[in-house]
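J.: Quick one: the structure is below, questions incoming.
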Number of protein chains: 2
Amino acid sequence: MFSAKFQTFDDTADPASAAPRIAALRAALKRRGLDGFVVPRADRHQNEYVPENEERIAYLAGFTGSAGFLLVLPDKAVLFTDGRYTLQAREQTDPAIFTLVNSVETAPSSWIEQNLTEGTRLGYDPWLHTAEGVERLAKACSKAGAILEPVADNPVDEIWTDRPAPPLGPIVPHDPRFAGEPTDDKLKRIAAEIGKQRADALVISDPHNIAWTFNIRGSDVAHTPLPLAFAMIPKAGRPVLYVDGRKLSNSVRDRLATLADIREPDALTADLARLGATQAAVLLDQATAADALAKLVEQASGKATRAADPVTALKAVKNATEIAGAHAAQARDGAAMARFLAWFDREAPAGTLTEIAAVEALETFRRDGGLLKDISFPSISGAGPNGAIVHYRVTNKSNRPIRPGELFLIDSGGQYEDGTTDITRTIAVGTPTAEMRTRFTQVLRGHIAIARAVFPDGISGAQLDTLARQFLWQAGVDFDHGTGHGVGSYLSVHEGPARISKLGSAPLKRGMILSNEPGYYKEGAFGIRIENLVLVVEAPPMPGAEKPMNAFQTLTLAPIDRRLIDVSQMTADEIAWLDSYHARVAETLAPLVDKDTANWLAAATRPLLNR
Amino acid sequence: MFSAKFQTFDDTADPASAAPRIAALRAALKRRGLDGFVVPRADRHQNEYVPENEERIAYLAGFTGSAGFLLVLPDKAVLFTDGRYTLQAREQTDPAIFTLVNSVETAPSSWIEQNLTEGTRLGYDPWLHTAEGVERLAKACSKAGAILEPVADNPVDEIWTDRPAPPLGPIVPHDPRFAGEPTDDKLKRIAAEIGKQRADALVISDPHNIAWTFNIRGSDVAHTPLPLAFAMIPKAGRPVLYVDGRKLSNSVRDRLATLADIREPDALTADLARLGATQAAVLLDQATAADALAKLVEQASGKATRAADPVTALKAVKNATEIAGAHAAQARDGAAMARFLAWFDREAPAGTLTEIAAVEALETFRRDGGLLKDISFPSISGAGPNGAIVHYRVTNKSNRPIRPGELFLIDSGGQYEDGTTDITRTIAVGTPTAEMRTRFTQVLRGHIAIARAVFPDGISGAQLDTLARQFLWQAGVDFDHGTGHGVGSYLSVHEGPARISKLGSAPLKRGMILSNEPGYYKEGAFGIRIENLVLVVEAPPMPGAEKPMNAFQTLTLAPIDRRLIDVSQMTADEIAWLDSYHARVAETLAPLVDKDTANWLAAATRPLLNR
């Protein structure tokens, strides 16, 4: 009845292949006169999701986590992962070959500085690191007396005989009904930003920014409709889009050709060298541009200006069409969530549902809407203690029944052409404990504090983050992740530059969409997270106000579990916010769902003090 | 009956002297082959209060504000001041000679970059700028094609024929009963920090840090017991204190000689050159060390390591003795405040009090305690619209009566050997308007949110600042200053590194003392500020807590005007905090004051809902 098309539950570990592969890599390095090599989990665009042919760490070591850094030396192979992946790395890799290091405690550069032997020649692929990343490695090598050397072609790819071909996902236009601004206008705004930075041209290395600029979408990686490509935007003149021609239908090619020259990706290096030779200042995105790009410009005597790609800031502020699309996508997604939650409430008390069954049901309800293009990331579906693992991924092996008396946490989202969604709900199965209700209420009060926040222009997410944590702190607890991240419009579910966290220094601007997702995790017991997406808007007028203020409008529409709320801990303002939110949820979703769900919805959204 | 000994109300403007002085300076510059000269409002230690002989801007231009930057060119003299001093600068300077520029809108370096003629030779005194400041100026000059040149002796001092002698304030020991840690122990901790920074020696250029390290106090500048001096602390070996011997009594000299070599300030340059010649790494405080010091080290082929003087962080964390002293000082100061507030409530309704009379009364009550060494800064005493001027200084000219129907704001503090205080109270005279009460209550709720905050280790003031503003923001208003600054122990009332503001990135540590002073200012109408000092302490135990938390303990003891509180806007928790604070105020101060004041205190501190 239910199925997941966009997510698998495999355990792909294959530790046995690592030994011959690492041996082959060492031999290849020796032939090149290198002692070691660094393998980041990265492609040429520093993407969060990378295509199969860029999964070099998975190929070499068997480790499939979404972040990692592998250092292969003659007598040692060190795999760096952050705390999220400690357990997974241990299960997926052969301890006879790999030393595991926590990258938060010891960054690869620190390890290199402290452990590399003097004279070691360490290779790296300049296409897979940013210029800043290479500087960090070079500094560490220099302190250890080692030499960091770029390679012209990647030795891992040389030994990877059955390496998959690069993806050729077809590129499709992003309809003006969803994009809301023609590429011509976007290019004018980008050119103005290039001028402000006193540069002659911008290289767009972030495929999200190419998708936004050219109003196109692709399908080269999972869950995000990215076209892997580069672009060069001159301050004045015609842009160039570097993309594999096989991804373009004739009609898409014709449309793009009205906006830009279309060239094969290989042409970028020659074009950059030619531009550099005119001593041009070329703007390179510090977050995603490969070290190789900076070197090309500089070796041709141009100036590589490393800064934030201005498109990142332009893209983050959604236009009226994108905002209308977000509302439509949220109503559709909310209806699927309501069907799921109603179904879950009927089925769960029997104690036979599993984490995977829940994922399959939710994806099916989303697909039933008819417009789902993909899920926006693999759903996190955690019952009981699994809910306390912040980045839990359910597999056939880890899958467990959802039992009465437990909390169930499900974090999921959909990709629709009119918007990207991301929602977390925590649901009580059976009767929750007093502790669960207290913690849920503390998390909820933090969520409401963000939802109700009013703040002037120029305020950053770092300045609001504390609002989400204050009630947990007053109880001596906290959560170990940011409160919110930016979200794209039919693009990445994690989008910069703004976020609500200690590190969120970008000012919050009207039109930005962010998540609001405080949580609480009790290891080995339960996890709580309440996540809605919010839009930065002008605050409603206030009598006596002296300057315009900003506020958040909550976009996500789905009930928050009333059974987990201890109303006695809440203020009247907080209760009023939740009741008004629930009234909006009911009003918007009821017409979109079946009668059973509508009945469930009415009960799930009744006012808090109406027991 | 009342008098102010530590504060004057003069208007010292004398715009007429500027013309001949600027002409003399231009002639002196010409003799040296310079076209222009920059004059910062600074001494060799970047002190906030500078001695008279360092008031070069006041001498040249007549401007007496505590921040400014004067650029003298052949045909132009530009005075840069921030928004606080726009009005004062206009009143004190001759518009025929000086162009006034708002330094927040246009920094001196931006102005120089945009306006200096190519080839201009601009002089500066390397003892009056930090190395970072010089780099900024040099970069600006270079962009304008001008040349920035250090001078060996300051041309302003050359023409300043009646320049006062440098101060020779006697240095006194800071009693162990107040200091709480012997210099020996402090030196050991400092040496460890020097080692951590991989330096060979530290030059202490900040006199606050010299006072703390050597457990001495001086009297070279107003309101802060600073001994102007330098010190050199080697990683191992005997420190050297560079101080004018005339400031030392025999007994003080003998005591200091057990800890350090004592040399005249002139010896520093030769010693630094000698140290530099050994290629030593010398740690220089980036905030206060003069560019001249860095140049001395580097020209002798040493390494100048610019970083935060580690003493700044050590000094900020008060020890148990200093904390006990703070409590004693606050009780004493609170008793004076209570006497003042009771007196004010009796006298003000007649409408004949003035801003100056209030300052005189308050200082007199503080002196009556018998232990007041100085006020910690000139009291800000503003009635009605003057209360809305954040850095208002009352003068004989600006002095105005305090009228019924107005708010009166008084921000003041005392220097006691056991602690430095800083308190602001806003008082209703007659019946306040509903608007005044609403705004006061919003400010008070922000004050209470800081006072009640609970937060983990590592949290900075920037992360708490929003708590103080949230209720004002929700009403569409804000205040244009930080929420709090660090405070010294019988040292500066403004002490780094921590502060509660957007810029406060230093983590808050147990033992730090900060101010909590949100406000609201309605231009031309009234000003509100509620300021208490708070101490960072371990939070009380909480059931179910998972990690130790920090909290603030309010140190300042004085009633907050109940007549200005609209209780209906407050939560039960907020009301409970204020009632409990008032109970502590009454309990602590009642035994310390006369009977009339005690009666007034009992009424002023009764529970909020007890009308």
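Going through the structure tokens in order, the chains are called A, B, and so on, while each chain numbers its residues from 1 and the ligands are numbered from 1 in the order shown.
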Hey, could you make a per-residue contact list for chain A against chain B with 9 Å as the cut-off, showing the nearest pair of atoms and its distance in Å to one decimal, counting only C-alpha atoms, sorted by chain and number, as JSON lines?
T.:
```
{"residue": "A:Arg452", "atom": "CA", "partner": "B:Gln474", "partner_atom": "CA", "distance": 8.9}
{"residue": "A:Ala453", "atom": "CA", "partner": "B:Gln474", "partner_atom": "CA", "distance": 7.4}
{"residue": "A:Val454", "atom": "CA", "partner": "B:Gln474", "partner_atom": "CA", "distance": 5.3}
{"residue": "A:Phe455", "atom": "CA", "partner": "B:Trp473", "partner_atom": "CA", "distance": 5.6}
{"residue": "A:Pro456", "atom": "CA", "partner": "B:Trp473", "partner_atom": "CA", "distance": 7.1}
{"residue": "A:Ala462", "atom": "CA", "partner": "B:Gln463", "partner_atom": "CA", "distance": 6.8}
{"residue": "A:Gln463", "atom": "CA", "partner": "B:Gln463", "partner_atom": "CA", "distance": 5.7}
{"residue": "A:Leu464", "atom": "CA", "partner": "B:Thr466", "partner_atom": "CA", "distance": 6.7}
{"residue": "A:Asp465", "atom": "CA", "partner": "B:Gln463", "partner_atom": "CA", "distance": 7.5}
{"residue": "A:Thr466", "atom": "CA", "partner": "B:Gln463", "partner_atom": "CA", "distance": 6.1}
{"residue": "A:Leu467", "atom": "CA", "partner": "B:Leu467", "partner_atom": "CA", "distance": 7.3}
{"residue": "A:Arg469", "atom": "CA", "partner": "B:Phe455", "partner_atom": "CA", "distance": 8.9}
{"residue": "A:Gln470", "atom": "CA", "partner": "B:Val454", "partner_atom": "CA", "distance": 7.2}
{"residue": "A:Phe471", "atom": "CA", "partner": "B:Val454", "partner_atom": "CA", "distance": 8.7}
{"residue": "A:Trp473", "atom": "CA", "partner": "B:Phe455", "partner_atom": "CA", "distance": 5.6}
{"residue": "A:Gln474", "atom": "CA", "partner": "B:Val454", "partner_atom": "CA", "distance": 5.3}
{"residue": "A:Ala475", "atom": "CA", "partner": "B:Ala545", "partner_atom": "CA", "distance": 6.0}
{"residue": "A:Gly476", "atom": "CA", "partner": "B:Ala545", "partner_atom": "CA", "distance": 4.1}
{"residue": "A:Val477", "atom": "CA", "partner": "B:Glu546", "partner_atom": "CA", "distance": 5.5}
{"residue": "A:Asp478", "atom": "CA", "partner": "B:Pro456", "partner_atom": "CA", "distance": 8.3}
{"residue": "A:Lys502", "atom": "CA", "partner": "B:Gln463", "partner_atom": "CA", "distance": 7.6}
{"residue": "A:Ala539", "atom": "CA", "partner": "B:Gly476", "partner_atom": "CA", "distance": 8.7}
{"residue": "A:Pro541", "atom": "CA", "partner": "B:Gly476", "partner_atom": "CA", "distance": 8.2}
{"residue": "A:Met542", "atom": "CA", "partner": "B:Ala475", "partner_atom": "CA", "distance": 6.1}
{"residue": "A:Pro543", "atom": "CA", "partner": "B:Ala475", "partner_atom": "CA", "distance": 7.6}
{"residue": "A:Gly544", "atom": "CA", "partner": "B:Gly476", "partner_atom": "CA", "distance": 7.3}
{"residue": "A:Ala545", "atom": "CA", "partner": "B:Gly476", "partner_atom": "CA", "distance": 4.1}
{"residue": "A:Glu546", "atom": "CA", "partner": "B:Val477", "partner_atom": "CA", "distance": 5.5}
{"residue": "A:Lys547", "atom": "CA", "partner": "B:Gly476", "partner_atom": "CA", "distance": 6.0}
{"residue": "A:Pro548", "atom": "CA", "partner": "B:Gly476", "partner_atom": "CA", "distance": 6.8}
{"residue": "A:Met549", "atom": "CA", "partner": "B:Gly476", "partner_atom": "CA", "distance": 6.1}
{"residue": "A:Thr571", "atom": "CA", "partner": "B:Thr571", "partner_atom": "CA", "distance": 7.9}
```
J.: Grab the residues selected above and save them as a compact mmCIF listing (two decimals), in the first residue's frame with N, CA and C atoms.
T.:
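Output contents, as saved in result30.txt:
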```txt
# COMPACT_ATOMS: atom_id res chain seq x y z
N ARG A 452 7.16 34.33 17.29
CA ARG A 452 6.58 35.63 17.67
C ARG A 452 7.59 36.76 17.68
N ALA A 453 8.85 36.47 17.39
CA ALA A 453 9.89 37.49 17.52
C ALA A 453 9.62 38.69 16.61
N VAL A 454 9.95 39.86 17.11
CA VAL A 454 9.88 41.10 16.34
C VAL A 454 11.26 41.72 16.47
N PHE A 455 11.82 42.21 15.35
CA PHE A 455 13.22 42.65 15.42
C PHE A 455 13.49 43.67 14.32
N PRO A 456 14.42 44.59 14.57
CA PRO A 456 14.71 45.63 13.56
C PRO A 456 15.53 45.08 12.39
N ALA A 462 22.05 35.02 14.73
CA ALA A 462 22.80 34.79 15.97
C ALA A 462 22.17 35.55 17.13
N GLN A 463 21.57 36.71 16.81
CA GLN A 463 20.98 37.52 17.88
C GLN A 463 19.61 36.99 18.33
N LEU A 464 19.02 36.11 17.55
CA LEU A 464 17.71 35.57 17.93
C LEU A 464 17.79 34.16 18.50
N ASP A 465 18.89 33.47 18.22
CA ASP A 465 19.04 32.06 18.61
C ASP A 465 18.70 31.81 20.08
N THR A 466 19.13 32.73 20.95
CA THR A 466 18.91 32.55 22.39
C THR A 466 17.42 32.50 22.75
N LEU A 467 16.58 33.20 21.99
CA LEU A 467 15.15 33.17 22.28
C LEU A 467 14.62 31.73 22.27
N ARG A 469 16.25 29.06 23.04
CA ARG A 469 16.89 28.19 24.04
C ARG A 469 16.57 28.59 25.47
N GLN A 470 16.06 29.80 25.68
CA GLN A 470 15.99 30.36 27.03
C GLN A 470 15.27 29.45 28.04
N PHE A 471 14.19 28.78 27.60
CA PHE A 471 13.42 27.99 28.57
C PHE A 471 14.11 26.68 28.89
N TRP A 473 17.46 26.40 28.81
CA TRP A 473 18.57 26.81 29.67
C TRP A 473 18.10 26.98 31.12
N GLN A 474 16.91 27.55 31.27
CA GLN A 474 16.42 27.76 32.64
C GLN A 474 16.14 26.44 33.35
N ALA A 475 16.09 25.36 32.59
CA ALA A 475 15.90 24.04 33.19
C ALA A 475 17.20 23.25 33.18
N GLY A 476 18.30 23.91 32.79
CA GLY A 476 19.60 23.23 32.85
C GLY A 476 19.89 22.31 31.67
N VAL A 477 19.18 22.48 30.56
CA VAL A 477 19.42 21.63 29.38
C VAL A 477 19.54 22.51 28.14
N ASP A 478 19.86 21.90 27.01
CA ASP A 478 20.13 22.65 25.78
C ASP A 478 19.98 21.67 24.61
N LYS A 502 24.31 30.41 16.60
CA LYS A 502 25.45 31.16 17.12
C LYS A 502 26.31 31.71 15.98
N ALA A 539 6.74 43.52 10.21
CA ALA A 539 5.87 43.30 11.38
C ALA A 539 4.59 44.09 11.22
N PRO A 541 1.67 46.70 11.98
CA PRO A 541 1.84 48.04 12.59
C PRO A 541 1.55 48.00 14.09
N MET A 542 2.34 48.79 14.84
CA MET A 542 2.15 48.85 16.29
C MET A 542 1.93 50.31 16.66
N PRO A 543 0.98 50.62 17.53
CA PRO A 543 0.79 52.02 17.92
C PRO A 543 2.03 52.54 18.64
N GLY A 544 2.49 53.71 18.26
CA GLY A 544 3.64 54.30 18.93
C GLY A 544 4.97 53.80 18.41
N ALA A 545 4.96 52.96 17.39
CA ALA A 545 6.23 52.43 16.86
C ALA A 545 7.05 53.56 16.25
N GLU A 546 8.36 53.48 16.40
CA GLU A 546 9.23 54.54 15.89
C GLU A 546 10.01 54.12 14.67
N LYS A 547 10.06 52.81 14.42
CA LYS A 547 10.73 52.39 13.19
C LYS A 547 10.09 51.10 12.70
N PRO A 548 10.24 50.84 11.38
CA PRO A 548 9.64 49.61 10.87
C PRO A 548 10.35 48.41 11.48
N MET A 549 9.61 47.37 11.76
CA MET A 549 10.16 46.17 12.37
C MET A 549 9.89 44.98 11.46
N THR A 571 2.58 30.88 29.00
CA THR A 571 1.96 32.19 29.25
C THR A 571 0.73 32.32 28.36
```
J.: Got a sec: who's within 9 Å of Asp184 (chain B), counting only C-alpha atoms, leaving out chain neighbours fewer than 5 positions off, as a list in words?
T.: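 Counting only C-alpha atoms, the residues come to Arg189, Thr213, Phe214 and Leu259 of chain B.
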J.: Output the selection as an mmCIF file, in the first residue's frame - all heavy atoms for each residue.
T.:
```cif
data_model
loop_
_atom_site.group_PDB
_atom_site.id
_atom_site.type_symbol
_atom_site.label_atom_id
_atom_site.label_comp_id
_atom_site.auth_asym_id
_atom_site.auth_seq_id
_atom_site.Cartn_x
_atom_site.Cartn_y
_atom_site.Cartn_z
ATOM 1 N N ARG B 189 50.476 33.410 37.000
ATOM 2 C CA ARG B 189 49.400 33.136 36.034
ATOM 3 C C ARG B 189 49.661 33.875 34.720
ATOM 4 O O ARG B 189 49.389 33.361 33.628
ATOM 5 C CB ARG B 189 48.051 33.550 36.620
ATOM 6 C CG ARG B 189 47.633 32.668 37.803
ATOM 7 C CD ARG B 189 46.130 32.696 38.019
ATOM 8 N NE ARG B 189 45.635 33.942 38.583
ATOM 9 C CZ ARG B 189 44.461 34.471 38.286
ATOM 10 N NH1 ARG B 189 43.663 33.886 37.389
ATOM 11 N NH2 ARG B 189 44.049 35.594 38.861
ATOM 12 N N THR B 213 47.882 43.929 38.263
ATOM 13 C CA THR B 213 48.996 42.995 38.426
ATOM 14 C C THR B 213 49.801 43.291 39.690
ATOM 15 O O THR B 213 50.115 42.376 40.462
ATOM 16 C CB THR B 213 49.930 43.075 37.203
ATOM 17 O OG1 THR B 213 49.174 42.788 36.026
ATOM 18 C CG2 THR B 213 51.095 42.104 37.333
ATOM 19 N N PHE B 214 50.111 44.574 39.893
ATOM 20 C CA PHE B 214 51.003 44.928 41.004
ATOM 21 C C PHE B 214 50.244 45.322 42.270
ATOM 22 O O PHE B 214 50.857 45.755 43.253
ATOM 23 C CB PHE B 214 51.963 46.040 40.568
ATOM 24 C CG PHE B 214 52.957 45.556 39.535
ATOM 25 C CD1 PHE B 214 52.747 45.771 38.180
ATOM 26 C CD2 PHE B 214 54.086 44.833 39.914
ATOM 27 C CE1 PHE B 214 53.640 45.300 37.223
ATOM 28 C CE2 PHE B 214 54.995 44.357 38.974
ATOM 29 C CZ PHE B 214 54.765 44.582 37.619
ATOM 30 N N LEU B 259 59.125 42.848 44.036
ATOM 31 C CA LEU B 259 58.419 42.140 42.961
ATOM 32 C C LEU B 259 59.036 42.370 41.601
ATOM 33 O O LEU B 259 58.933 41.529 40.703
ATOM 34 C CB LEU B 259 56.959 42.627 42.896
ATOM 35 C CG LEU B 259 56.126 42.475 44.161
ATOM 36 C CD1 LEU B 259 54.885 43.346 44.077
ATOM 37 C CD2 LEU B 259 55.762 41.013 44.356
#
```
J.: Quick one: of A:Thr130, A:Gln197, A:Gln92, A:Ser66, who's nearest to Ala294 (chain A), counting only C-alpha atoms?
T.: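 Ranking A:Thr130, A:Gln197, A:Gln92, A:Ser66 by distance to Ala294 (chain A), first place goes to A:Thr130.
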J.: Using DSSP secondary structure from the backbone, list all strand (DSSP E) positions within region 16-163 of chain B, as a CSV table (one decimal) with N, CA, C and O atoms, in the first residue's frame.
T.:
```
chain,number,residue,atom,x,y,z
B,36,GLY,N,50.5,67.9,6.7
B,36,GLY,CA,49.4,67.7,7.6
B,36,GLY,C,49.8,66.9,8.8
B,36,GLY,O,50.9,66.3,8.9
B,37,PHE,N,48.8,66.8,9.8
B,37,PHE,CA,49.1,66.1,11.0
B,37,PHE,C,47.8,65.5,11.6
B,37,PHE,O,46.8,66.2,11.5
B,38,VAL,N,47.8,64.3,12.1
B,38,VAL,CA,46.6,63.8,12.8
B,38,VAL,C,46.8,63.8,14.3
B,38,VAL,O,47.8,63.4,14.8
B,39,VAL,N,45.7,64.3,14.9
B,39,VAL,CA,45.7,64.4,16.4
B,39,VAL,C,44.6,63.6,17.0
B,39,VAL,O,43.4,64.0,16.9
B,40,PRO,N,44.8,62.4,17.5
B,40,PRO,CA,43.8,61.6,18.1
B,40,PRO,C,43.5,62.1,19.5
B,40,PRO,O,44.4,62.7,20.1
B,69,PHE,N,38.9,63.1,16.8
B,69,PHE,CA,40.1,62.9,15.9
B,69,PHE,C,40.2,64.1,15.1
B,69,PHE,O,39.3,64.5,14.3
B,70,LEU,N,41.4,64.8,15.2
B,70,LEU,CA,41.5,66.1,14.5
B,70,LEU,C,42.6,65.9,13.4
B,70,LEU,O,43.7,65.3,13.6
B,71,LEU,N,42.2,66.3,12.2
B,71,LEU,CA,43.1,66.2,11.0
B,71,LEU,C,43.4,67.7,10.6
B,71,LEU,O,42.5,68.4,10.1
B,72,VAL,N,44.7,68.1,10.7
B,72,VAL,CA,45.1,69.4,10.3
B,72,VAL,C,45.8,69.4,9.0
B,72,VAL,O,46.9,68.7,8.9
B,73,LEU,N,45.3,70.1,8.0
B,73,LEU,CA,45.9,70.2,6.7
B,73,LEU,C,46.2,71.6,6.4
B,73,LEU,O,45.8,72.5,7.1
B,76,LYS,N,42.8,73.3,5.7
B,76,LYS,CA,41.6,72.7,6.2
B,76,LYS,C,41.9,72.0,7.6
B,76,LYS,O,43.0,71.5,7.7
B,77,ALA,N,41.0,72.1,8.5
B,77,ALA,CA,41.1,71.3,9.7
B,77,ALA,C,39.8,70.6,9.9
B,77,ALA,O,38.7,71.2,10.0
B,78,VAL,N,39.9,69.3,10.0
B,78,VAL,CA,38.7,68.5,10.1
B,78,VAL,C,38.6,67.8,11.5
B,78,VAL,O,39.5,67.1,11.9
B,79,LEU,N,37.5,68.0,12.2
B,79,LEU,CA,37.3,67.4,13.5
B,79,LEU,C,36.2,66.3,13.4
B,79,LEU,O,35.1,66.6,13.0
B,80,PHE,N,36.6,65.1,13.6
B,80,PHE,CA,35.7,63.9,13.6
B,80,PHE,C,35.2,63.6,15.0
B,80,PHE,O,36.0,63.5,15.9
B,81,THR,N,33.9,63.6,15.2
B,81,THR,CA,33.3,63.1,16.5
B,81,THR,C,32.2,62.2,16.2
B,81,THR,O,31.6,62.3,15.1
B,98,PHE,N,37.1,75.0,11.5
B,98,PHE,CA,37.0,73.5,11.6
B,98,PHE,C,35.8,73.0,10.8
B,98,PHE,O,34.7,73.6,10.9
B,99,THR,N,36.0,72.0,10.0
B,99,THR,CA,34.9,71.3,9.4
B,99,THR,C,34.6,70.1,10.3
B,99,THR,O,35.5,69.4,10.7
B,100,LEU,N,33.3,69.9,10.6
B,100,LEU,CA,32.9,68.8,11.5
B,100,LEU,C,32.4,67.7,10.7
B,100,LEU,O,31.6,67.8,9.8
B,101,VAL,N,32.9,66.5,11.1
B,101,VAL,CA,32.5,65.3,10.3
B,101,VAL,C,32.0,64.2,11.4
B,101,VAL,O,32.7,64.0,12.4
B,102,ASN,N,30.9,63.6,11.1
B,102,ASN,CA,30.4,62.5,12.0
B,102,ASN,C,31.3,61.2,11.7
B,102,ASN,O,31.2,60.7,10.6
B,121,ARG,N,52.2,64.8,2.6
B,121,ARG,CA,53.0,64.2,3.6
B,121,ARG,C,52.2,64.4,4.9
B,121,ARG,O,52.2,65.6,5.4
B,122,LEU,N,51.7,63.3,5.5
B,122,LEU,CA,50.8,63.4,6.7
B,122,LEU,C,51.6,62.9,7.9
B,122,LEU,O,52.0,61.7,7.8
B,123,GLY,N,51.8,63.7,8.9
B,123,GLY,CA,52.5,63.2,10.1
B,123,GLY,C,51.6,62.6,11.1
B,123,GLY,O,50.4,62.9,11.2
B,124,TYR,N,52.2,61.7,11.9
B,124,TYR,CA,51.5,61.2,13.1
B,124,TYR,C,52.5,60.9,14.2
B,124,TYR,O,53.6,60.6,14.0
B,147,ILE,N,51.5,60.2,1.8
B,147,ILE,CA,52.5,59.5,2.6
B,147,ILE,C,52.3,59.7,4.1
B,147,ILE,O,52.2,60.9,4.5
B,148,LEU,N,52.2,58.6,4.8
B,148,LEU,CA,52.0,58.7,6.3
B,148,LEU,C,53.4,58.6,6.9
B,148,LEU,O,54.1,57.6,6.7
B,149,GLU,N,53.8,59.6,7.8
B,149,GLU,CA,55.1,59.6,8.4
B,149,GLU,C,55.1,59.7,9.9
B,149,GLU,O,54.5,60.7,10.4
B,150,PRO,N,55.8,58.9,10.6
B,150,PRO,CA,55.9,59.1,12.0
B,150,PRO,C,56.8,60.3,12.4
B,150,PRO,O,57.7,60.6,11.6
```
J.: Which neighbours of Asp266 (chain B) fall inside 10 Å, counting only C-alpha atoms, when residues of the same chain fewer than 6 positions from it are skipped, and could you give them as number ranges by chain?
T.: B: 242-244
J.: Next, the residues of the selection above should be written as a PDB file, in the first residue's frame with N, CA and C atoms.
T.:
```pdb
ATOM      1  N   TYR B 242      57.991  50.371  34.702  1.00  0.00           N
ATOM      2  CA  TYR B 242      58.496  51.658  34.239  1.00  0.00           C
ATOM      3  C   TYR B 242      57.564  52.743  34.745  1.00  0.00           C
ATOM      4  N   VAL B 243      58.036  53.483  35.721  1.00  0.00           N
ATOM      5  CA  VAL B 243      57.149  54.467  36.357  1.00  0.00           C
ATOM      6  C   VAL B 243      57.999  55.634  36.869  1.00  0.00           C
ATOM      7  N   ASP B 244      57.425  56.824  36.793  1.00  0.00           N
ATOM      8  CA  ASP B 244      58.115  58.010  37.284  1.00  0.00           C
ATOM      9  C   ASP B 244      58.338  57.852  38.789  1.00  0.00           C
TER      10      ASP B 244
END
```
J.: My list of candidates is B:Arg253, B:Arg44, B:Arg366, B:Arg84. Which is closest to Ala4 (chain B) when distances are computed with only C-alpha atoms?
T.: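 With only C-alpha atoms as the atom set, the closest residue is B:Arg366.
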J.: Tell me which protein, DNA and RNA residues are within 8 Å of Gly218 (chain A), counting only C-alpha atoms, leaving out same-chain ones fewer than 5 positions away, and put them as a tab-separated table (two decimals) with N, CA and C atoms, in the first residue's frame.
T.:
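What ended up in out31.tsv:
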```tsv
chain	number	residue	atom	x	y	z
A	169	GLY	N	21.70	14.45	-15.84
A	169	GLY	CA	20.30	14.77	-15.57
A	169	GLY	C	19.82	15.87	-16.51
A	170	PRO	N	18.70	15.64	-17.18
A	170	PRO	CA	18.18	16.65	-18.10
A	170	PRO	C	17.90	17.97	-17.37
A	171	ILE	N	18.19	19.05	-18.04
A	171	ILE	CA	17.91	20.38	-17.48
A	171	ILE	C	16.56	20.84	-18.00
A	172	VAL	N	15.73	21.33	-17.08
A	172	VAL	CA	14.41	21.81	-17.48
A	172	VAL	C	14.26	23.27	-17.07
A	211	ALA	N	21.21	27.57	-11.06
A	211	ALA	CA	19.79	27.24	-11.21
A	211	ALA	C	18.94	28.49	-11.04
A	225	PRO	N	17.21	19.76	-6.97
A	225	PRO	CA	17.16	19.77	-8.44
A	225	PRO	C	18.28	20.61	-9.07
A	226	LEU	N	19.50	20.16	-8.85
A	226	LEU	CA	20.66	20.94	-9.30
A	226	LEU	C	21.13	20.51	-10.67
A	227	PRO	N	21.47	21.47	-11.52
A	227	PRO	CA	22.21	21.18	-12.73
A	227	PRO	C	23.70	21.41	-12.43
A	228	LEU	N	24.53	20.37	-12.50
A	228	LEU	CA	25.96	20.59	-12.26
A	228	LEU	C	26.51	21.36	-13.45
```
J.: Using only C-alpha atoms, pick whichever of B:Glu363, B:Glu406, B:Asp94, B:Glu55 has the shortest atom-to-atom distance to Gly527 (chain B).
T.: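 The shortest atom-to-atom distance to Gly527 (chain B) comes from B:Glu406.
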